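Colleague: Have a peek at work33.cif (mmCIF, C-alpha atoms).
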```cif
data_start
loop_
_atom_site.label_atom_id
_atom_site.label_comp_id
_atom_site.auth_asym_id
_atom_site.auth_seq_id
_atom_site.Cartn_x
_atom_site.Cartn_y
_atom_site.Cartn_z
CA MET A 1 9.38 16.21 10.28
CA ASN A 2 8.91 16.73 6.55
CA VAL A 3 7.12 13.74 5.03
CA LEU A 4 6.54 13.00 1.35
CA ILE A 5 3.57 10.78 0.52
CA THR A 6 3.41 9.42 -3.00
CA GLY A 7 -0.15 8.60 -3.97
CA GLY A 8 -1.15 10.99 -1.22
CA ALA A 9 -4.34 12.06 -2.98
CA GLY A 10 -5.71 8.53 -2.87
CA PHE A 11 -7.88 7.15 -0.08
CA ILE A 12 -5.12 5.69 2.09
CA GLY A 13 -2.59 8.40 1.24
CA SER A 14 -4.94 11.29 2.01
CA SER A 15 -5.95 9.65 5.30
CA ILE A 16 -2.32 9.30 6.32
CA ALA A 17 -1.59 12.88 5.24
CA LEU A 18 -4.37 14.26 7.42
CA ARG A 19 -3.23 12.19 10.38
CA LEU A 20 0.38 13.35 10.00
CA LEU A 21 -0.80 16.96 9.85
CA GLU A 22 -2.67 16.42 13.13
CA LYS A 23 0.61 15.22 14.63
CA GLY A 24 2.37 18.44 13.52
CA HIS A 25 4.32 17.12 10.54
CA VAL A 26 4.81 19.00 7.28
CA VAL A 27 3.35 16.93 4.46
CA THR A 28 4.09 16.99 0.74
CA VAL A 29 2.00 14.90 -1.64
CA LEU A 30 3.21 13.66 -5.02
CA ASP A 31 0.28 12.35 -7.06
CA ASN A 32 -0.63 12.22 -10.74
CA LEU A 33 -4.38 12.59 -10.01
CA SER A 34 -5.19 9.59 -12.17
CA PRO A 35 -8.62 9.74 -13.83
CA GLN A 36 -9.12 6.11 -12.70
CA ILE A 37 -9.31 7.44 -9.12
CA HIS A 38 -10.24 11.10 -9.49
CA GLY A 39 -12.47 11.17 -12.58
CA ASP A 40 -12.37 13.57 -15.51
CA ASP A 41 -12.08 16.66 -13.29
CA PRO A 42 -9.52 15.50 -10.72
CA GLU A 43 -9.22 18.78 -8.89
CA SER A 44 -12.87 18.56 -7.88
CA SER A 45 -12.65 14.97 -6.63
CA PHE A 46 -13.47 14.30 -2.99
CA LEU A 47 -10.07 12.76 -2.27
CA TYR A 48 -8.11 15.66 -3.73
CA ARG A 49 -10.31 18.26 -2.01
CA ARG A 50 -9.77 16.67 1.40
CA ILE A 51 -6.03 17.55 1.25
CA LYS A 52 -6.15 20.65 -0.94
CA GLY A 53 -4.67 23.66 0.84
CA LYS A 54 -3.50 21.50 3.75
CA VAL A 55 -0.43 19.89 2.19
CA ALA A 56 2.20 20.95 -0.30
CA PHE A 57 0.85 19.31 -3.45
CA ARG A 58 3.02 18.34 -6.41
CA ARG A 59 1.30 16.90 -9.44
CA GLY A 60 3.67 14.41 -10.98
CA ASP A 61 4.45 10.79 -11.66
CA VAL A 62 6.73 8.41 -9.76
CA PHE A 63 7.87 7.07 -13.12
CA ARG A 64 9.67 10.37 -13.88
CA ARG A 65 13.02 11.07 -12.25
CA GLU A 66 12.55 14.85 -12.35
CA ASP A 67 9.27 14.56 -10.44
CA TRP A 68 10.98 12.48 -7.76
CA MET A 69 13.94 14.83 -7.51
CA GLY A 70 11.75 17.88 -6.93
CA ALA A 71 9.48 16.11 -4.46
CA LEU A 72 12.30 14.55 -2.41
CA GLU A 73 14.08 17.85 -1.78
CA GLY A 74 14.01 18.68 1.93
CA GLN A 75 12.13 15.54 2.98
CA ASP A 76 12.96 13.51 6.09
CA ALA A 77 10.80 10.50 5.24
CA VAL A 78 8.90 8.98 2.33
CA ILE A 79 5.70 6.99 2.46
CA HIS A 80 5.52 5.43 -0.99
CA LEU A 81 1.93 4.46 -1.83
CA ALA A 82 1.71 5.49 -5.48
CA ALA A 83 0.57 2.69 -7.75
CA GLU A 84 -1.35 2.23 -10.94
CA THR A 85 -4.70 0.92 -9.77
CA GLY A 86 -7.32 -1.20 -11.42
CA THR A 87 -7.58 -4.80 -10.27
CA GLY A 88 -9.45 -5.91 -13.36
CA GLN A 89 -7.16 -4.18 -15.84
CA SER A 90 -4.05 -5.44 -14.08
CA MET A 91 -5.09 -8.99 -14.94
CA TYR A 92 -4.82 -8.39 -18.69
CA GLU A 93 -2.45 -5.39 -18.85
CA ILE A 94 0.16 -7.14 -16.77
CA GLU A 95 3.26 -5.68 -18.38
CA ARG A 96 1.97 -2.10 -18.06
CA TYR A 97 1.03 -2.47 -14.40
CA ALA A 98 4.25 -4.26 -13.50
CA ASN A 99 6.39 -1.67 -15.31
CA GLU A 100 4.65 1.30 -13.72
CA ASN A 101 4.34 -0.02 -10.18
CA ILE A 102 7.72 -1.72 -9.88
CA GLY A 103 9.45 0.91 -12.01
CA GLY A 104 8.37 3.80 -9.78
CA THR A 105 9.67 2.04 -6.69
CA ALA A 106 12.93 1.06 -8.41
CA LEU A 107 13.44 4.66 -9.48
CA LEU A 108 12.92 5.88 -5.90
CA LEU A 109 15.46 3.39 -4.57
CA ASP A 110 17.95 4.31 -7.29
CA ILE A 111 17.67 7.99 -6.41
CA LEU A 112 17.98 7.37 -2.66
CA VAL A 113 21.08 5.22 -3.09
CA ASN A 114 22.82 7.46 -5.61
CA THR A 115 22.07 11.01 -4.47
CA PRO A 116 22.64 12.87 -1.20
CA ASN A 117 19.53 12.79 1.00
CA ARG A 118 18.41 12.71 4.59
#
```
Translate the structure of the given file into structure tokens.

Modeller:
Amino acid sequence: MNVLITGGAGFIGSSIALRLLEKGHVVTVLDNLSPQIHGDDPESSFLYRRIKGKVAFRRGDVFRREDWMGALEGQDAVIHLAAETGTGQSMYEIERYANENIGGTALLLDILVNTPNR
């Protein structure tokens, strides 16, 4: 089975990706490698390096339709974990966090309902 994991370079996403690989699935990760999680040099972060070369990696954002469209192609299932993180910041940047987290999910659902897919 081809599985797309959004936020797949995060702690939970990368753990799921590795487990799915063990089970014989083909895994694609869509992640923006946020500096909040991965630091200033995201490609050298521990979480990114644990999946690098093991999954098909697409750097992108769930808030952009074109990133979703490319990542969804050929997928059988989606595990949607992508979210703007930062518990403290989310308490005073409420509109930004709500728009990004809810908006990415709404965009996914819109695409799944309105385009051919598996």

Colleague: Need to verify the contact set: segment 8-24 of chain A, 12 Å, all atoms listed in the file, exclusion of same-chain residues closer than 2 positions in sequence. Can you return it as a ChimeraX atom specification?

Modeller: /A:1-6,26-38,42-62,77-85

Colleague: Can you write out the residues you just picked, keeping C-alpha atoms, as a PDB file, in the frame of the given file?

Modeller:
```
ATOM      1  CA  MET A   1       9.380  16.210  10.280  1.00  0.00           C
ATOM      2  CA  ASN A   2       8.910  16.730   6.550  1.00  0.00           C
ATOM      3  CA  VAL A   3       7.120  13.740   5.030  1.00  0.00           C
ATOM      4  CA  LEU A   4       6.540  13.000   1.350  1.00  0.00           C
ATOM      5  CA  ILE A   5       3.570  10.780   0.520  1.00  0.00           C
ATOM      6  CA  THR A   6       3.410   9.420  -3.000  1.00  0.00           C
ATOM      7  CA  VAL A  26       4.810  19.000   7.280  1.00  0.00           C
ATOM      8  CA  VAL A  27       3.350  16.930   4.460  1.00  0.00           C
ATOM      9  CA  THR A  28       4.090  16.990   0.740  1.00  0.00           C
ATOM     10  CA  VAL A  29       2.000  14.900  -1.640  1.00  0.00           C
ATOM     11  CA  LEU A  30       3.210  13.660  -5.020  1.00  0.00           C
ATOM     12  CA  ASP A  31       0.280  12.350  -7.060  1.00  0.00           C
ATOM     13  CA  ASN A  32      -0.630  12.220 -10.740  1.00  0.00           C
ATOM     14  CA  LEU A  33      -4.380  12.590 -10.010  1.00  0.00           C
ATOM     15  CA  SER A  34      -5.190   9.590 -12.170  1.00  0.00           C
ATOM     16  CA  PRO A  35      -8.620   9.740 -13.830  1.00  0.00           C
ATOM     17  CA  GLN A  36      -9.120   6.110 -12.700  1.00  0.00           C
ATOM     18  CA  ILE A  37      -9.310   7.440  -9.120  1.00  0.00           C
ATOM     19  CA  HIS A  38     -10.240  11.100  -9.490  1.00  0.00           C
ATOM     20  CA  PRO A  42      -9.520  15.500 -10.720  1.00  0.00           C
ATOM     21  CA  GLU A  43      -9.220  18.780  -8.890  1.00  0.00           C
ATOM     22  CA  SER A  44     -12.870  18.560  -7.880  1.00  0.00           C
ATOM     23  CA  SER A  45     -12.650  14.970  -6.630  1.00  0.00           C
ATOM     24  CA  PHE A  46     -13.470  14.300  -2.990  1.00  0.00           C
ATOM     25  CA  LEU A  47     -10.070  12.760  -2.270  1.00  0.00           C
ATOM     26  CA  TYR A  48      -8.110  15.660  -3.730  1.00  0.00           C
ATOM     27  CA  ARG A  49     -10.310  18.260  -2.010  1.00  0.00           C
ATOM     28  CA  ARG A  50      -9.770  16.670   1.400  1.00  0.00           C
ATOM     29  CA  ILE A  51      -6.030  17.550   1.250  1.00  0.00           C
ATOM     30  CA  LYS A  52      -6.150  20.650  -0.940  1.00  0.00           C
ATOM     31  CA  GLY A  53      -4.670  23.660   0.840  1.00  0.00           C
ATOM     32  CA  LYS A  54      -3.500  21.500   3.750  1.00  0.00           C
ATOM     33  CA  VAL A  55      -0.430  19.890   2.190  1.00  0.00           C
ATOM     34  CA  ALA A  56       2.200  20.950  -0.300  1.00  0.00           C
ATOM     35  CA  PHE A  57       0.850  19.310  -3.450  1.00  0.00           C
ATOM     36  CA  ARG A  58       3.020  18.340  -6.410  1.00  0.00           C
ATOM     37  CA  ARG A  59       1.300  16.900  -9.440  1.00  0.00           C
ATOM     38  CA  GLY A  60       3.670  14.410 -10.980  1.00  0.00           C
ATOM     39  CA  ASP A  61       4.450  10.790 -11.660  1.00  0.00           C
ATOM     40  CA  VAL A  62       6.730   8.410  -9.760  1.00  0.00           C
ATOM     41  CA  ALA A  77      10.800  10.500   5.240  1.00  0.00           C
ATOM     42  CA  VAL A  78       8.900   8.980   2.330  1.00  0.00           C
ATOM     43  CA  ILE A  79       5.700   6.990   2.460  1.00  0.00           C
ATOM     44  CA  HIS A  80       5.520   5.430  -0.990  1.00  0.00           C
ATOM     45  CA  LEU A  81       1.930   4.460  -1.830  1.00  0.00           C
ATOM     46  CA  ALA A  82       1.710   5.490  -5.480  1.00  0.00           C
ATOM     47  CA  ALA A  83       0.570   2.690  -7.750  1.00  0.00           C
ATOM     48  CA  GLU A  84      -1.350   2.230 -10.940  1.00  0.00           C
ATOM     49  CA  THR A  85      -4.700   0.920  -9.770  1.00  0.00           C
TER      50      THR A  85
END
```

Colleague: Using Å and a single decimal, report how far atom CA of Gln75 of chain A sits from atom CA of Arg118 of chain A.

Modeller: 7.1 Å

Colleague: Can you measure atom CA of Phe63 of chain A to atom CA of Glu100 of chain A for me? One decimal in Å is fine.

Modeller: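 We find that atom CA of Phe63 of chain A and atom CA of Glu100 of chain A lie 6.6 Å from each other.
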
Colleague: If you measure from atom CA of Arg65 of chain A to atom CA of Leu107 of chain A, what distance in Å do you get, rounded to one decimal?

Modeller: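 Here the two named atoms are 7.0 Å from each other.
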
Colleague: Which residues come within 12 Å of Asp110 of chain A, counting only C-alpha atoms, excluding same-chain residues fewer than 5 positions away, as a CSV table (one decimal) with C-alpha atoms, in the frame of the given file?

Modeller:
```
chain,number,residue,atom,x,y,z
A,63,PHE,CA,7.9,7.1,-13.1
A,65,ARG,CA,13.0,11.1,-12.2
A,68,TRP,CA,11.0,12.5,-7.8
A,69,MET,CA,13.9,14.8,-7.5
A,103,GLY,CA,9.4,0.9,-12.0
A,104,GLY,CA,8.4,3.8,-9.8
A,105,THR,CA,9.7,2.0,-6.7
A,115,THR,CA,22.1,11.0,-4.5
A,116,PRO,CA,22.6,12.9,-1.2
A,117,ASN,CA,19.5,12.8,1.0
```

Colleague: Taking only C-alpha atoms into account, which of A:Ile111, A:His25, A:Asn101, A:Gln89 comes nearest Gly70 of chain A?

Modeller: A:Ile111

Colleague: Will you give me segment 3-112 of chain A, written with C-alpha atoms and laid out as a PDB file, in the first residue's frame?

Modeller:
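The result, stored in out.pdb:
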```
ATOM      1  CA  VAL A   3       0.789   5.747   2.260  1.00  0.00           C
ATOM      2  CA  LEU A   4       1.232   9.516   2.465  1.00  0.00           C
ATOM      3  CA  ILE A   5       2.133  10.929   5.879  1.00  0.00           C
ATOM      4  CA  THR A   6       1.840  14.668   6.287  1.00  0.00           C
ATOM      5  CA  GLY A   7       4.104  15.911   9.048  1.00  0.00           C
ATOM      6  CA  GLY A   8       6.035  12.709   8.518  1.00  0.00           C
ATOM      7  CA  ALA A   9       9.355  14.268   9.501  1.00  0.00           C
ATOM      8  CA  GLY A  10       8.077  15.028  12.993  1.00  0.00           C
ATOM      9  CA  PHE A  11       8.432  12.698  15.973  1.00  0.00           C
ATOM     10  CA  ILE A  12       5.129  10.854  15.615  1.00  0.00           C
ATOM     11  CA  GLY A  13       5.107  10.965  11.816  1.00  0.00           C
ATOM     12  CA  SER A  14       8.633   9.612  11.434  1.00  0.00           C
ATOM     13  CA  SER A  15       7.893   6.833  13.929  1.00  0.00           C
ATOM     14  CA  ILE A  16       4.807   5.812  11.974  1.00  0.00           C
ATOM     15  CA  ALA A  17       6.731   6.009   8.695  1.00  0.00           C
ATOM     16  CA  LEU A  18       9.417   3.646   9.956  1.00  0.00           C
ATOM     17  CA  ARG A  19       6.823   1.215  11.280  1.00  0.00           C
ATOM     18  CA  LEU A  20       4.926   1.205   7.971  1.00  0.00           C
ATOM     19  CA  LEU A  21       8.172   0.550   6.113  1.00  0.00           C
ATOM     20  CA  GLU A  22       8.779  -2.460   8.374  1.00  0.00           C
ATOM     21  CA  LYS A  23       5.346  -3.736   7.362  1.00  0.00           C
ATOM     22  CA  GLY A  24       6.264  -3.458   3.655  1.00  0.00           C
ATOM     23  CA  HIS A  25       4.345  -0.311   2.736  1.00  0.00           C
ATOM     24  CA  VAL A  26       5.633   2.401   0.416  1.00  0.00           C
ATOM     25  CA  VAL A  27       5.755   5.673   2.338  1.00  0.00           C
ATOM     26  CA  THR A  28       5.740   9.245   1.081  1.00  0.00           C
ATOM     27  CA  VAL A  29       6.264  12.107   3.517  1.00  0.00           C
ATOM     28  CA  LEU A  30       5.012  15.647   2.953  1.00  0.00           C
ATOM     29  CA  ASP A  31       6.622  18.024   5.440  1.00  0.00           C
ATOM     30  CA  ASN A  32       7.716  21.661   5.429  1.00  0.00           C
ATOM     31  CA  LEU A  33      10.664  20.976   7.777  1.00  0.00           C
ATOM     32  CA  SER A  34       9.613  23.794  10.069  1.00  0.00           C
ATOM     33  CA  PRO A  35      12.497  25.479  11.906  1.00  0.00           C
ATOM     34  CA  GLN A  36      10.367  25.244  15.084  1.00  0.00           C
ATOM     35  CA  ILE A  37      10.895  21.461  14.949  1.00  0.00           C
ATOM     36  CA  HIS A  38      14.022  20.988  12.839  1.00  0.00           C
ATOM     37  CA  GLY A  39      16.150  24.044  13.663  1.00  0.00           C
ATOM     38  CA  ASP A  40      18.015  26.327  11.291  1.00  0.00           C
ATOM     39  CA  ASP A  41      19.511  23.441   9.289  1.00  0.00           C
ATOM     40  CA  PRO A  42      16.493  21.140   8.939  1.00  0.00           C
ATOM     41  CA  GLU A  43      18.161  18.582   6.720  1.00  0.00           C
ATOM     42  CA  SER A  44      20.610  17.760   9.495  1.00  0.00           C
ATOM     43  CA  SER A  45      17.950  17.379  12.191  1.00  0.00           C
ATOM     44  CA  PHE A  46      17.640  14.024  13.925  1.00  0.00           C
ATOM     45  CA  LEU A  47      14.000  13.584  12.932  1.00  0.00           C
ATOM     46  CA  TYR A  48      14.617  14.265   9.249  1.00  0.00           C
ATOM     47  CA  ARG A  49      17.717  12.051   9.155  1.00  0.00           C
ATOM     48  CA  ARG A  50      15.825   9.093  10.616  1.00  0.00           C
ATOM     49  CA  ILE A  51      13.617   8.925   7.477  1.00  0.00           C
ATOM     50  CA  LYS A  52      16.012  10.323   4.877  1.00  0.00           C
ATOM     51  CA  GLY A  53      16.618   7.845   2.074  1.00  0.00           C
ATOM     52  CA  LYS A  54      13.949   5.491   3.425  1.00  0.00           C
ATOM     53  CA  VAL A  55      10.811   7.293   2.258  1.00  0.00           C
ATOM     54  CA  ALA A  56       9.870   9.389  -0.738  1.00  0.00           C
ATOM     55  CA  PHE A  57      10.232  12.872   0.732  1.00  0.00           C
ATOM     56  CA  ARG A  58       8.369  15.915  -0.576  1.00  0.00           C
ATOM     57  CA  ARG A  59       9.129  19.248   1.014  1.00  0.00           C
ATOM     58  CA  GLY A  60       5.946  21.252   0.951  1.00  0.00           C
ATOM     59  CA  ASP A  61       3.101  22.732   2.915  1.00  0.00           C
ATOM     60  CA  VAL A  62      -0.403  21.378   3.506  1.00  0.00           C
ATOM     61  CA  PHE A  63      -1.682  24.930   3.069  1.00  0.00           C
ATOM     62  CA  ARG A  64      -0.783  24.843  -0.659  1.00  0.00           C
ATOM     63  CA  ARG A  65      -3.063  22.990  -3.068  1.00  0.00           C
ATOM     64  CA  GLU A  66      -0.245  22.222  -5.514  1.00  0.00           C
ATOM     65  CA  ASP A  67       1.774  20.528  -2.766  1.00  0.00           C
ATOM     66  CA  TRP A  68      -1.211  18.358  -1.862  1.00  0.00           C
ATOM     67  CA  MET A  69      -1.939  17.474  -5.481  1.00  0.00           C
ATOM     68  CA  GLY A  70       1.603  16.266  -6.119  1.00  0.00           C
ATOM     69  CA  ALA A  71       1.823  14.343  -2.859  1.00  0.00           C
ATOM     70  CA  LEU A  72      -1.569  12.631  -3.198  1.00  0.00           C
ATOM     71  CA  GLU A  73      -0.845  11.200  -6.640  1.00  0.00           C
ATOM     72  CA  GLY A  74      -0.752   7.400  -6.472  1.00  0.00           C
ATOM     73  CA  GLN A  75      -1.521   7.172  -2.753  1.00  0.00           C
ATOM     74  CA  ASP A  76      -3.874   4.595  -1.232  1.00  0.00           C
ATOM     75  CA  ALA A  77      -4.100   6.192   2.212  1.00  0.00           C
ATOM     76  CA  VAL A  78      -3.273   9.427   4.001  1.00  0.00           C
ATOM     77  CA  ILE A  79      -2.183   9.866   7.597  1.00  0.00           C
ATOM     78  CA  HIS A  80      -2.600  13.586   8.172  1.00  0.00           C
ATOM     79  CA  LEU A  81      -0.425  14.735  11.084  1.00  0.00           C
ATOM     80  CA  ALA A  82       0.890  18.050   9.769  1.00  0.00           C
ATOM     81  CA  ALA A  83       0.226  20.949  12.110  1.00  0.00           C
ATOM     82  CA  GLU A  84       1.791  24.210  13.097  1.00  0.00           C
ATOM     83  CA  THR A  85       3.298  23.477  16.485  1.00  0.00           C
ATOM     84  CA  GLY A  86       4.105  25.655  19.442  1.00  0.00           C
ATOM     85  CA  THR A  87       1.812  25.383  22.437  1.00  0.00           C
ATOM     86  CA  GLY A  88       2.905  28.705  23.875  1.00  0.00           C
ATOM     87  CA  GLN A  89       2.644  30.647  20.634  1.00  0.00           C
ATOM     88  CA  SER A  90      -0.737  29.140  19.826  1.00  0.00           C
ATOM     89  CA  MET A  91      -2.150  30.833  22.913  1.00  0.00           C
ATOM     90  CA  TYR A  92      -1.470  34.327  21.575  1.00  0.00           C
ATOM     91  CA  GLU A  93      -1.270  33.710  17.801  1.00  0.00           C
ATOM     92  CA  ILE A  94      -4.639  32.022  17.753  1.00  0.00           C
ATOM     93  CA  GLU A  95      -5.796  33.151  14.324  1.00  0.00           C
ATOM     94  CA  ARG A  96      -2.550  32.048  12.644  1.00  0.00           C
ATOM     95  CA  TYR A  97      -2.575  28.601  14.254  1.00  0.00           C
ATOM     96  CA  ALA A  98      -6.268  28.050  13.588  1.00  0.00           C
ATOM     97  CA  ASN A  99      -5.948  29.141   9.947  1.00  0.00           C
ATOM     98  CA  GLU A 100      -2.936  26.956   9.256  1.00  0.00           C
ATOM     99  CA  ASN A 101      -4.031  23.832  11.104  1.00  0.00           C
ATOM    100  CA  ILE A 102      -7.703  23.837  10.161  1.00  0.00           C
ATOM    101  CA  GLY A 103      -7.004  25.239   6.695  1.00  0.00           C
ATOM    102  CA  GLY A 104      -4.621  22.427   5.748  1.00  0.00           C
ATOM    103  CA  THR A 105      -7.155  19.795   6.769  1.00  0.00           C
ATOM    104  CA  ALA A 106      -9.996  21.603   4.989  1.00  0.00           C
ATOM    105  CA  LEU A 107      -7.907  21.784   1.833  1.00  0.00           C
ATOM    106  CA  LEU A 108      -7.191  18.040   1.990  1.00  0.00           C
ATOM    107  CA  LEU A 109     -10.888  17.250   2.369  1.00  0.00           C
ATOM    108  CA  ASP A 110     -11.800  19.603  -0.473  1.00  0.00           C
ATOM    109  CA  ILE A 111      -9.316  17.897  -2.783  1.00  0.00           C
ATOM    110  CA  LEU A 112     -10.450  14.388  -1.804  1.00  0.00           C
TER     111      LEU A 112
END
```
